[in-house]
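One file, query-v6.pdb, is given below (PDB, C-alpha atoms).
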```
ATOM      1  CA  MET A   1     110.327 116.372  83.669
ATOM      2  CA  HIS A   2     110.947 114.177  86.677
ATOM      3  CA  HIS A   3     110.476 114.876  90.359
ATOM      4  CA  ARG A   4     113.938 114.034  91.672
ATOM      5  CA  GLY A   5     112.995 114.292  95.345
ATOM      6  CA  LEU A   6     110.788 111.211  95.292
ATOM      7  CA  ALA A   7     113.279 109.247  93.230
ATOM      8  CA  VAL A   8     116.025 109.985  95.758
ATOM      9  CA  GLY A   9     113.671 109.028  98.592
ATOM     10  CA  VAL A  10     113.044 105.626  97.049
ATOM     11  CA  VAL A  11     116.773 105.011  96.702
ATOM     12  CA  VAL A  12     117.290 105.923 100.360
ATOM     13  CA  VAL A  13     114.573 103.463 101.432
ATOM     14  CA  PHE A  14     116.194 100.700  99.403
ATOM     15  CA  ALA A  15     119.572 101.473 100.940
ATOM     16  CA  ALA A  16     118.126 101.508 104.445
ATOM     17  CA  LEU A  17     116.705  98.042 103.934
ATOM     18  CA  GLY A  18     120.083  96.801 102.741
ATOM     19  CA  LEU A  19     118.671  95.701  99.397
ATOM     20  CA  ALA A  20     121.307  94.087  97.244
ATOM     21  CA  PRO A  21     122.080  94.870  93.602
ATOM     22  CA  ALA A  22     121.048  92.344  90.983
ATOM     23  CA  ALA A  23     123.378  89.432  90.314
ATOM     24  CA  ALA A  24     125.528  89.715  87.217
ATOM     25  CA  ASN A  25     124.437  86.358  85.823
ATOM     26  CA  ALA A  26     121.130  84.609  86.229
ATOM     27  CA  GLN A  27     122.528  81.135  85.615
ATOM     28  CA  SER A  28     125.785  79.273  85.694
ATOM     29  CA  GLU A  29     126.540  76.138  83.743
ATOM     30  CA  GLU A  30     127.910  73.129  85.572
ATOM     31  CA  ALA A  31     128.045  69.821  83.742
ATOM     32  CA  GLY A  32     125.452  71.139  81.289
ATOM     33  CA  THR A  33     122.866  71.875  83.999
ATOM     34  CA  ALA A  34     121.500  75.378  84.516
ATOM     35  CA  VAL A  35     121.724  76.522  88.138
ATOM     36  CA  PRO A  36     119.407  79.412  89.089
ATOM     37  CA  ALA A  37     121.159  82.526  90.339
ATOM     38  CA  ARG A  38     121.431  82.911  94.106
ATOM     39  CA  THR A  39     121.813  85.886  96.370
ATOM     40  CA  ALA A  40     124.760  86.092  98.757
ATOM     41  CA  TRP A  41     122.484  84.678 101.511
ATOM     42  CA  GLY A  42     121.290  81.775  99.378
ATOM     43  CA  ASP A  43     117.781  82.729  98.184
ATOM     44  CA  PRO A  44     116.811  82.625  94.499
ATOM     45  CA  ASP A  45     117.755  85.946  92.932
ATOM     46  CA  LEU A  46     114.739  87.708  91.421
ATOM     47  CA  GLN A  47     116.350  91.118  91.189
ATOM     48  CA  GLY A  48     116.363  93.312  88.134
ATOM     49  CA  ILE A  49     114.017  95.401  86.011
ATOM     50  CA  TRP A  50     111.293  93.311  84.412
ATOM     51  CA  ASN A  51     108.751  94.143  81.716
ATOM     52  CA  ASN A  52     105.424  92.361  81.120
ATOM     53  CA  ALA A  53     104.227  94.023  77.890
ATOM     54  CA  THR A  54     102.736  91.457  75.515
ATOM     55  CA  LEU A  55     100.354  91.027  72.588
ATOM     56  CA  THR A  56      98.652  88.176  74.451
ATOM     57  CA  PRO A  57      95.234  89.406  75.632
ATOM     58  CA  PHE A  58      94.061  89.260  79.246
ATOM     59  CA  GLN A  59      91.026  87.153  78.271
ATOM     60  CA  ARG A  60      90.789  84.770  75.329
ATOM     61  CA  PRO A  61      88.832  86.313  72.452
ATOM     62  CA  GLU A  62      85.440  84.611  72.294
ATOM     63  CA  ALA A  63      85.967  83.871  68.616
ATOM     64  CA  LEU A  64      88.798  81.454  69.541
ATOM     65  CA  GLY A  65      86.460  79.262  71.574
ATOM     66  CA  ASP A  66      88.411  76.386  73.140
ATOM     67  CA  GLN A  67      91.682  77.170  71.324
ATOM     68  CA  GLU A  68      94.226  77.314  74.124
ATOM     69  CA  PHE A  69      97.312  78.099  72.030
ATOM     70  CA  LEU A  70      98.094  79.942  68.807
ATOM     71  CA  THR A  71      99.886  78.086  66.062
ATOM     72  CA  GLU A  72     103.423  79.225  65.243
ATOM     73  CA  GLU A  73     102.114  80.681  61.998
ATOM     74  CA  ALA A  74      99.303  82.617  63.692
ATOM     75  CA  ALA A  75     101.644  84.008  66.339
ATOM     76  CA  ALA A  76     104.191  85.065  63.706
ATOM     77  CA  SER A  77     101.456  86.717  61.636
ATOM     78  CA  LEU A  78     100.162  88.678  64.628
ATOM     79  CA  GLU A  79     103.660  89.860  65.525
ATOM     80  CA  GLN A  80     104.335  90.876  61.917
ATOM     81  CA  GLN A  81     101.086  92.818  61.711
ATOM     82  CA  THR A  82     102.039  94.639  64.915
ATOM     83  CA  ALA A  83     105.482  95.526  63.561
ATOM     84  CA  GLU A  84     103.953  96.861  60.346
ATOM     85  CA  ARG A  85     101.357  98.876  62.269
ATOM     86  CA  ASN A  86     104.058 100.437  64.440
ATOM     87  CA  VAL A  87     106.049 101.441  61.349
ATOM     88  CA  ALA A  88     102.930 102.947  59.776
ATOM     89  CA  LEU A  89     102.185 104.943  62.921
ATOM     90  CA  TRP A  90     105.769 106.151  63.137
ATOM     91  CA  GLU A  91     105.695 107.336  59.522
ATOM     92  CA  ALA A  92     102.210 108.865  59.591
ATOM     93  CA  PRO A  93     102.171 112.654  59.053
ATOM     94  CA  ALA A  94     101.073 114.976  61.846
ATOM     95  CA  ARG A  95      97.369 115.791  61.938
ATOM     96  CA  ARG A  96      95.800 119.006  63.144
ATOM     97  CA  THR A  97      92.834 118.759  65.481
ATOM     98  CA  GLU A  98      89.854 120.860  64.479
ATOM     99  CA  ALA A  99      88.314 123.144  67.091
ATOM    100  CA  GLY A 100      85.832 121.177  69.152
ATOM    101  CA  GLY A 101      87.067 117.864  67.788
ATOM    102  CA  ASN A 102      88.637 114.874  69.487
ATOM    103  CA  VAL A 103      92.069 115.928  70.734
ATOM    104  CA  GLY A 104      93.203 112.309  70.888
ATOM    105  CA  ALA A 105      95.827 111.044  73.325
ATOM    106  CA  TYR A 106      99.502 110.065  73.254
ATOM    107  CA  ASN A 107     101.023 109.263  69.882
ATOM    108  CA  ASN A 108     102.742 105.952  69.245
ATOM    109  CA  PHE A 109     106.103 107.184  70.558
ATOM    110  CA  TRP A 110     104.779 106.853  74.110
ATOM    111  CA  MET A 111     103.118 103.463  73.702
ATOM    112  CA  GLU A 112     104.515 100.142  74.912
ATOM    113  CA  ARG A 113     101.926  97.586  73.932
ATOM    114  CA  GLY A 114     104.383  94.747  73.370
ATOM    115  CA  THR A 115     105.591  93.229  70.130
ATOM    116  CA  THR A 116     105.354  89.485  70.846
ATOM    117  CA  VAL A 117     102.938  86.985  72.327
ATOM    118  CA  VAL A 118     103.937  85.040  75.450
ATOM    119  CA  PRO A 119     106.492  82.257  74.754
ATOM    120  CA  THR A 120     103.900  79.491  75.157
ATOM    121  CA  ARG A 121     101.685  81.181  72.511
ATOM    122  CA  ARG A 122      98.765  80.843  74.923
ATOM    123  CA  THR A 123      95.684  82.712  73.708
ATOM    124  CA  SER A 124      95.067  84.489  77.027
ATOM    125  CA  MET A 125      96.790  85.393  80.265
ATOM    126  CA  ILE A 126      93.976  83.656  82.119
ATOM    127  CA  VAL A 127      94.577  79.898  82.253
ATOM    128  CA  ASP A 128      91.731  78.912  84.603
ATOM    129  CA  PRO A 129      88.774  78.768  83.929
ATOM    130  CA  PRO A 130      89.733  76.616  80.919
ATOM    131  CA  ASN A 131      87.930  78.951  78.505
ATOM    132  CA  GLY A 132      90.562  81.587  79.262
ATOM    133  CA  ARG A 133      87.980  84.114  80.449
ATOM    134  CA  LEU A 134      86.919  85.588  83.761
ATOM    135  CA  PRO A 135      84.332  83.508  85.622
ATOM    136  CA  GLU A 136      80.757  84.632  86.089
ATOM    137  CA  VAL A 137      80.244  87.481  88.529
ATOM    138  CA  THR A 138      77.961  87.114  91.530
ATOM    139  CA  PRO A 139      74.305  88.165  91.203
ATOM    140  CA  GLU A 140      75.028  91.287  93.276
ATOM    141  CA  VAL A 141      77.817  92.429  90.949
ATOM    142  CA  ALA A 142      75.746  91.557  87.883
ATOM    143  CA  ALA A 143      72.933  93.739  89.234
ATOM    144  CA  TRP A 144      75.372  96.630  89.775
ATOM    145  CA  LEU A 145      76.802  96.320  86.264
ATOM    146  CA  ALA A 146      73.280  96.465  84.817
ATOM    147  CA  SER A 147      72.239  99.451  86.940
ATOM    148  CA  PRO A 148      71.783 103.060  85.782
ATOM    149  CA  GLU A 149      74.350 104.089  88.409
ATOM    150  CA  ALA A 150      77.016 101.907  86.820
ATOM    151  CA  ASP A 151      76.145 103.170  83.339
ATOM    152  CA  HIS A 152      76.392 106.755  84.556
ATOM    153  CA  ARG A 153      79.750 106.262  86.259
ATOM    154  CA  TRP A 154      81.167 104.496  83.218
ATOM    155  CA  ALA A 155      79.967 107.321  80.956
ATOM    156  CA  VAL A 156      81.614 109.877  83.263
ATOM    157  CA  ARG A 157      84.899 107.965  83.305
ATOM    158  CA  ARG A 158      84.888 107.719  79.520
ATOM    159  CA  GLY A 159      84.277 111.465  79.203
ATOM    160  CA  ASN A 160      80.764 111.121  77.785
ATOM    161  CA  LEU A 161      79.037 112.862  80.709
ATOM    162  CA  PRO A 162      80.145 115.676  83.025
ATOM    163  CA  ALA A 163      81.785 114.630  86.301
ATOM    164  CA  ASP A 164      80.025 115.868  89.424
ATOM    165  CA  SER A 165      83.113 115.326  91.585
ATOM    166  CA  TYR A 166      86.644 113.979  91.500
ATOM    167  CA  GLU A 167      85.313 111.002  93.476
ATOM    168  CA  GLN A 168      83.493 109.765  90.371
ATOM    169  CA  LEU A 169      86.805 109.398  88.516
ATOM    170  CA  ASP A 170      88.996 106.360  88.887
ATOM    171  CA  LEU A 171      92.098 106.151  91.040
ATOM    172  CA  GLY A 172      94.385 106.382  88.020
ATOM    173  CA  ASP A 173      92.893 109.731  86.962
ATOM    174  CA  ARG A 174      93.499 110.868  90.543
ATOM    175  CA  CYS A 175      97.143 109.667  90.568
ATOM    176  CA  ILE A 176      96.502 107.387  93.546
ATOM    177  CA  TRP A 177      96.703 103.812  92.268
ATOM    178  CA  TYR A 178      96.671 102.412  88.764
ATOM    179  CA  ARG A 179      97.468  98.745  88.233
ATOM    180  CA  GLY A 180      95.882  96.790  91.035
ATOM    181  CA  ILE A 181      97.119  93.384  92.213
ATOM    182  CA  PRO A 182      97.782  91.239  90.289
ATOM    183  CA  SER A 183      99.331  93.702  87.851
ATOM    184  CA  PHE A 184      98.715  93.418  84.123
ATOM    185  CA  PRO A 185     100.215  95.318  81.169
ATOM    186  CA  THR A 186      98.550  98.388  79.754
ATOM    187  CA  GLY A 187      99.527 100.742  76.931
ATOM    188  CA  TYR A 188     102.758 101.901  78.595
ATOM    189  CA  ASN A 189     104.900 101.903  81.782
ATOM    190  CA  ASN A 190     104.977  98.115  82.088
ATOM    191  CA  ASN A 191     108.207  97.902  84.093
ATOM    192  CA  TYR A 192     108.846  96.529  87.596
ATOM    193  CA  HIS A 193     112.082  96.899  89.558
ATOM    194  CA  ILE A 194     112.593  94.068  92.054
ATOM    195  CA  LEU A 195     115.133  94.278  94.874
ATOM    196  CA  GLN A 196     115.575  91.969  97.834
ATOM    197  CA  ASN A 197     117.424  91.143 101.026
ATOM    198  CA  ALA A 198     117.015  88.211 103.388
ATOM    199  CA  ASP A 199     113.924  89.738 105.046
ATOM    200  CA  PHE A 200     112.173  91.706 102.290
ATOM    201  CA  VAL A 201     111.371  91.744  98.615
ATOM    202  CA  VAL A 202     110.557  95.198  97.245
ATOM    203  CA  ILE A 203     108.716  95.731  93.949
ATOM    204  CA  LEU A 204     108.831  99.248  92.523
ATOM    205  CA  GLN A 205     106.098  99.527  89.916
ATOM    206  CA  GLU A 206     106.786 102.111  87.226
ATOM    207  CA  HIS A 207     103.206 103.283  86.795
ATOM    208  CA  ILE A 208     102.476 105.946  89.434
ATOM    209  CA  HIS A 209     105.702 104.708  91.077
ATOM    210  CA  ASP A 210     103.974 102.447  93.623
ATOM    211  CA  VAL A 211     106.266 100.454  95.911
ATOM    212  CA  ARG A 212     105.224  97.100  97.376
ATOM    213  CA  TYR A 213     107.094  95.842 100.441
ATOM    214  CA  VAL A 214     106.847  92.074 100.937
ATOM    215  CA  PRO A 215     108.162  90.860 104.316
ATOM    216  CA  LEU A 216     109.678  87.363 104.327
ATOM    217  CA  ASP A 217     110.267  87.051 108.077
ATOM    218  CA  GLY A 218     106.979  85.392 109.045
ATOM    219  CA  ARG A 219     105.430  88.453 110.693
ATOM    220  CA  PRO A 220     101.605  88.458 110.935
ATOM    221  CA  HIS A 221      99.392  90.596 108.755
ATOM    222  CA  ILE A 222      98.436  94.070 109.881
ATOM    223  CA  PRO A 223      95.298  94.388 112.067
ATOM    224  CA  GLU A 224      92.059  93.411 110.365
ATOM    225  CA  ALA A 225      90.634  96.918 110.658
ATOM    226  CA  ILE A 226      93.445  98.440 108.556
ATOM    227  CA  ARG A 227      92.692  98.346 104.825
ATOM    228  CA  GLN A 228      94.888  99.553 101.952
ATOM    229  CA  TYR A 229      94.674 100.094  98.191
ATOM    230  CA  ALA A 230      97.459  97.550  97.606
ATOM    231  CA  GLY A 231      96.452  95.323 100.488
ATOM    232  CA  ASP A 232      99.010  93.777 102.842
ATOM    233  CA  SER A 233     101.508  91.310 101.356
ATOM    234  CA  ARG A 234     103.463  88.500 103.012
ATOM    235  CA  GLY A 235     105.983  86.306 101.202
ATOM    236  CA  ARG A 236     107.632  82.936 101.628
ATOM    237  CA  TRP A 237     109.943  80.719  99.601
ATOM    238  CA  GLU A 238     108.703  77.412  98.221
ATOM    239  CA  GLY A 239     111.792  75.931  96.594
ATOM    240  CA  GLU A 240     112.775  78.269  93.756
ATOM    241  CA  THR A 241     109.499  80.189  93.892
ATOM    242  CA  LEU A 242     108.587  83.294  95.860
ATOM    243  CA  VAL A 243     104.956  82.970  96.958
ATOM    244  CA  VAL A 244     103.250  86.240  97.909
ATOM    245  CA  GLU A 245      99.818  86.309  99.561
ATOM    246  CA  THR A 246      98.006  89.636  99.703
ATOM    247  CA  THR A 247      94.921  90.442 101.786
ATOM    248  CA  HIS A 248      93.539  93.475 103.658
ATOM    249  CA  PHE A 249      92.454  95.347 100.526
ATOM    250  CA  ASN A 250      90.173  98.330 101.026
ATOM    251  CA  ASP A 251      86.746  98.821  99.470
ATOM    252  CA  GLN A 252      88.256 100.508  96.395
ATOM    253  CA  ALA A 253      90.468  97.597  95.401
ATOM    254  CA  PHE A 254      90.313  96.907  91.687
ATOM    255  CA  ILE A 255      91.994  95.039  88.870
ATOM    256  CA  ARG A 256      92.866  97.119  85.839
ATOM    257  CA  ASN A 257      91.349  94.745  83.263
ATOM    258  CA  PHE A 258      88.033  94.471  85.134
ATOM    259  CA  ASN A 259      86.684  97.988  84.792
ATOM    260  CA  ASN A 260      83.851  99.799  86.534
ATOM    261  CA  VAL A 261      83.793  97.500  89.590
ATOM    262  CA  GLU A 262      85.506  97.975  92.930
ATOM    263  CA  LEU A 263      86.274  94.562  94.388
ATOM    264  CA  SER A 264      85.299  93.539  97.891
ATOM    265  CA  GLU A 265      87.424  93.531 101.042
ATOM    266  CA  GLU A 266      87.461  89.732 100.802
ATOM    267  CA  LEU A 267      89.826  89.911  97.817
ATOM    268  CA  HIS A 268      92.714  87.471  98.269
ATOM    269  CA  VAL A 269      95.571  87.235  95.763
ATOM    270  CA  VAL A 270      98.350  84.650  95.583
ATOM    271  CA  GLU A 271     101.293  85.426  93.278
ATOM    272  CA  ARG A 272     104.221  83.180  92.356
ATOM    273  CA  PHE A 273     107.526  84.546  91.050
ATOM    274  CA  THR A 274     110.059  82.047  89.645
ATOM    275  CA  ARG A 275     113.338  82.855  87.912
ATOM    276  CA  ALA A 276     113.153  80.754  84.737
ATOM    277  CA  GLY A 277     116.378  81.946  83.113
ATOM    278  CA  PRO A 278     118.754  84.887  82.765
ATOM    279  CA  ASP A 279     116.106  87.060  81.122
ATOM    280  CA  THR A 280     112.793  85.488  82.144
ATOM    281  CA  LEU A 281     110.733  85.713  85.326
ATOM    282  CA  ASP A 282     107.657  83.495  85.421
ATOM    283  CA  TYR A 283     104.697  85.193  87.072
ATOM    284  CA  GLU A 284     101.591  83.229  88.085
ATOM    285  CA  PHE A 285      98.579  84.427  90.044
ATOM    286  CA  THR A 286      95.310  83.258  91.573
ATOM    287  CA  VAL A 287      92.518  85.664  92.489
ATOM    288  CA  THR A 288      89.728  84.878  94.939
ATOM    289  CA  ASP A 289      86.888  87.258  95.776
ATOM    290  CA  PRO A 290      83.651  85.405  96.618
ATOM    291  CA  LYS A 291      81.650  88.639  96.635
ATOM    292  CA  THR A 292      82.696  89.475  93.072
ATOM    293  CA  TRP A 293      83.171  86.188  91.178
ATOM    294  CA  THR A 294      81.485  82.831  91.545
ATOM    295  CA  ARG A 295      84.855  81.024  91.610
ATOM    296  CA  PRO A 296      88.592  81.786  91.812
ATOM    297  CA  TRP A 297      90.563  82.385  88.615
ATOM    298  CA  SER A 298      94.231  82.020  87.724
ATOM    299  CA  GLY A 299      96.693  83.061  85.077
ATOM    300  CA  SER A 300     100.286  83.263  83.924
ATOM    301  CA  LEU A 301     102.335  86.116  82.478
ATOM    302  CA  PRO A 302     106.108  85.744  81.933
ATOM    303  CA  MET A 303     108.189  88.888  82.403
ATOM    304  CA  SER A 304     111.324  89.800  80.453
ATOM    305  CA  ARG A 305     114.452  91.466  81.804
ATOM    306  CA  ILE A 306     115.347  94.900  80.474
ATOM    307  CA  GLU A 307     118.490  96.891  81.059
ATOM    308  CA  GLY A 308     116.862 100.066  82.305
ATOM    309  CA  PRO A 309     117.130 102.578  83.782
ATOM    310  CA  MET A 310     113.543 102.883  84.932
ATOM    311  CA  PHE A 311     112.446 106.496  85.227
ATOM    312  CA  GLU A 312     110.015 107.903  87.739
ATOM    313  CA  TYR A 313     106.387 108.284  86.692
ATOM    314  CA  ALA A 314     105.621 111.613  88.411
ATOM    315  CA  CYS A 315     101.852 111.453  88.050
ATOM    316  CA  HIS A 316     100.957 114.541  90.063
ATOM    317  CA  GLU A 317     103.654 116.707  88.490
ATOM    318  CA  GLY A 318     101.938 118.824  85.866
ATOM    319  CA  ASN A 319      98.763 116.738  86.186
ATOM    320  CA  TYR A 320      96.303 119.198  84.712
ATOM    321  CA  GLY A 321      93.978 116.432  83.571
ATOM    322  CA  LEU A 322      91.903 116.112  86.740
ATOM    323  CA  THR A 323      91.465 119.870  87.100
ATOM    324  CA  ASN A 324      90.586 120.256  83.425
ATOM    325  CA  ILE A 325      88.107 117.358  83.492
ATOM    326  CA  LEU A 326      86.185 119.023  86.312
ATOM    327  CA  ALA A 327      86.489 122.489  84.737
ATOM    328  CA  GLY A 328      85.236 121.075  81.430
ATOM    329  CA  SER A 329      82.314 119.436  83.197
ATOM    330  CA  ARG A 330      81.289 122.758  84.753
ATOM    331  CA  ALA A 331      81.606 124.446  81.341
ATOM    332  CA  GLU A 332      79.385 121.783  79.740
ATOM    333  CA  GLU A 333      76.769 122.281  82.440
ATOM    334  CA  ALA A 334      76.882 126.056  81.993
ATOM    335  CA  ALA A 335      76.485 125.711  78.222
ATOM    336  CA  ALA A 336      73.587 123.290  78.644
ATOM    337  CA  GLY A 337      71.907 125.710  81.088
ATOM    338  CA  LYS A 338      72.158 128.601  78.638
ATOM    339  CA  ALA A 339      70.840 126.470  75.783
ATOM    340  CA  SER A 340      67.780 125.468  77.822
ATOM    341  CA  LYS A 341      66.787 129.080  78.516
TER     342      LYS A 341
END
```

Would you give me this structure, written as structure tokens?
Amino acid sequence: MHHRGLAVGVVVVFAALGLAPAAANAQSEEAGTAVPARTAWGDPDLQGIWNNATLTPFQRPEALGDQEFLTEEAAASLEQQTAERNVALWEAPARRTEAGGNVGAYNNFWMERGTTVVPTRRTSMIVDPPNGRLPEVTPEVAAWLASPEADHRWAVRRGNLPADSYEQLDLGDRCIWYRGIPSFPTGYNNNYHILQNADFVVILQEHIHDVRYVPLDGRPHIPEAIRQYAGDSRGRWEGETLVVETTHFNDQAFIRNFNNVELSEELHVVERFTRAGPDTLDYEFTVTDPKTWTRPWSGSLPMSRIEGPMFEYACHEGNYGLTNILAGSRAEEAAAGKASK
């Protein structure tokens, strides 16, 4: 069930900004040369609903070593295995959960893990460092990751220990913020609706329906003292590419594929969006946080156009999970107290 009020509110905001509908064609052919689509005011047209689900992993598997790209045969084999697994999951009979057993999660109907690798067949989204993996963390972050406090919080977030408070759970469990910036695919809800006018680009992210507003008019960043989960973004055009720089993150900034660590307020992200064809949007990113990693890191993740529509992800509507997690934690503590008597 969807919360129509918020969906209507988003539409009204888009209308108030004068955001234009997507162009009918992404390219025209003149003398055999592809010409990128343009808006009525002359900027490259990035509008549409884009999906970044892929089988390509965030980091290169260590077993692949220095292998930067998959062979055609390896990519085809991986995609075939995925197709066969999806069929098997679709055809699997229903299973009853025993009392006290693992209740599982969503079945495969709800999943959107991707069915292909990225077109380049690269073995990771990360392209720099050259090994396709995140750089070393700073000594301070390494010490935190090795601490009992980090182990305890991770165990709570994985459901292995009772939660003392909602503050121990991550922002996704609390329906506040899920993807982080840059945004990477997860098991589902990997869609992004981009709209634009001459002064703004707006990115509506499907997961927890976050909306990013990117001013293009050269205005300064917000005051230094103001910090936000999604930071403060400013955009500019460099030829055919929209360059977005985001700063002013708060002390709970995070990146979905780097779990159990809140990044520092020095986090600085540069994203590049380039229309590469009628159905492809190239997305590149560079992340710098000197208090978290010993060097910047960069990556690439093409996005594919989908027809839509994109439905609202009403996270708080019927969100019994957070309440039940805390209630279950209190029940576990009560049971443990009785057992110790």

Near-Phe249 (chain A) list (10 Å; all atoms listed in the file; drop same-chain fewer than 3 positions) as a PDB file with C-alpha atoms, in the frame of the given file:
```pdb
ATOM      1  CA  ILE A 181      97.119  93.384  92.213  1.00  0.00           C
ATOM      2  CA  ILE A 226      93.445  98.440 108.556  1.00  0.00           C
ATOM      3  CA  ARG A 227      92.692  98.346 104.825  1.00  0.00           C
ATOM      4  CA  GLN A 228      94.888  99.553 101.952  1.00  0.00           C
ATOM      5  CA  TYR A 229      94.674 100.094  98.191  1.00  0.00           C
ATOM      6  CA  ALA A 230      97.459  97.550  97.606  1.00  0.00           C
ATOM      7  CA  GLY A 231      96.452  95.323 100.488  1.00  0.00           C
ATOM      8  CA  ASP A 232      99.010  93.777 102.842  1.00  0.00           C
ATOM      9  CA  SER A 233     101.508  91.310 101.356  1.00  0.00           C
ATOM     10  CA  THR A 246      98.006  89.636  99.703  1.00  0.00           C
ATOM     11  CA  GLN A 252      88.256 100.508  96.395  1.00  0.00           C
ATOM     12  CA  ALA A 253      90.468  97.597  95.401  1.00  0.00           C
ATOM     13  CA  PHE A 254      90.313  96.907  91.687  1.00  0.00           C
ATOM     14  CA  LEU A 263      86.274  94.562  94.388  1.00  0.00           C
ATOM     15  CA  SER A 264      85.299  93.539  97.891  1.00  0.00           C
ATOM     16  CA  GLU A 265      87.424  93.531 101.042  1.00  0.00           C
ATOM     17  CA  GLU A 266      87.461  89.732 100.802  1.00  0.00           C
ATOM     18  CA  LEU A 267      89.826  89.911  97.817  1.00  0.00           C
ATOM     19  CA  HIS A 268      92.714  87.471  98.269  1.00  0.00           C
ATOM     20  CA  VAL A 269      95.571  87.235  95.763  1.00  0.00           C
TER      21      VAL A 269
END
```

Enclose the full set of atoms of region 162-168 of chain A listed in the file within a box whose edges lie along x, y and z, apply 6 Å of padding to each of the six sides, and report centre and edge lengths in Å to one decimal as AutoDock Vina command-line options.
```
--center_x 83.3 --center_y 112.8 --center_z 88.3 --size_x 18.6 --size_y 18.1 --size_z 22.5
```

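Evaluating the PyMOL selection byres ((chain A and resi 65-69) around 8) against the shown model yields Arg60, Pro61, Glu62, Ala63, Leu64, Leu70, Thr71, Thr120, Arg121, Arg122, Thr123, Ser124, Pro130, Asn131 and Gly132 of chain A.
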
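Our summary of the geometry notes that CA of Trp237 (chain A) is positioned 14.8 Å from CA of Gln47 (chain A).
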
* To do: For Val127 (chain A), work out the shell of residues within 7 Å, counting all atoms listed in the file and skipping chain neighbours fewer than 5 positions away, then give it as an MDAnalysis selection string.
  => chainID A and resid 132 298:300

* Asked: Neighbours of Pro296 (chain A) within 10 Å (all atoms listed in the file; same-chain residues fewer than 5 positions away dropped), as an NGL selection string?
  -> :A and (128-129 or 134-135 or 268-269 or 286-290)

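Once the PyMOL selection byres ((chain A and resi 310-313) around 6) is applied to the shown structure, the selection contains His207, Ile208, His209, Gly308, Pro309, Ala314 and Cys315 of chain A.
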
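From CA of Arg85 (chain A) back to CA of Thr56 (chain A), the distance works out to 16.4 Å.
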
* Asked: Given the file above and the PyMOL selection byres ((chain A and resi 167) around 12), which residues are selected, and can you give them as JSON, numbers by chain?
  -> {"A": [153, 156, 157, 163, 164, 165, 166, 168, 169, 170, 171, 172, 173, 174, 176, 252, 322, 326]}

* Find the spatial neighbours of Asn189 (chain A), counting only C-alpha atoms, within a cut-off of 8 Å - ignore same-chain residues fewer than 3 positions away - and output them as a PyMOL selection string. => chain A and resi 112+186+206-207

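Counting all atoms listed in the file, the residue from A:Gly187, A:Pro148, A:Pro182, A:Pro162 that sits nearest to Thr54 (chain A) is A:Gly187.
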
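CA of Trp297 (chain A) lies 27.2 Å from CA of Phe200 (chain A).
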
* What would the list of residues within 7 Å of (108.0, 85.3, 92.3) (file frame) look like as a VMD selection string, if only C-alpha atoms are what count? -> chain A and resid 241 to 243 271 to 274 283

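When all atoms listed in the file are used to measure the gap to Ala276 (chain A), the shortest distance among A:Asn259, A:Thr292, A:Gly218, A:Pro302 belongs to A:Pro302.
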
* Structure fact -> Glu240 (chain A) proximity check over A:Leu161, A:Val118, A:Ile203, A:Ala37, using only C-alpha atoms: winner is A:Ala37

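Shortest atom-to-atom contact with Val202 (chain A) among A:Pro278, A:Gly48, A:Pro139, A:Pro220: A:Gly48, counting all atoms listed in the file.
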
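With distances restricted to all atoms listed in the file, A:Met303 is the closest residue to Ile194 (chain A) from A:Ala327, A:Val141, A:Met303, A:Ala336.
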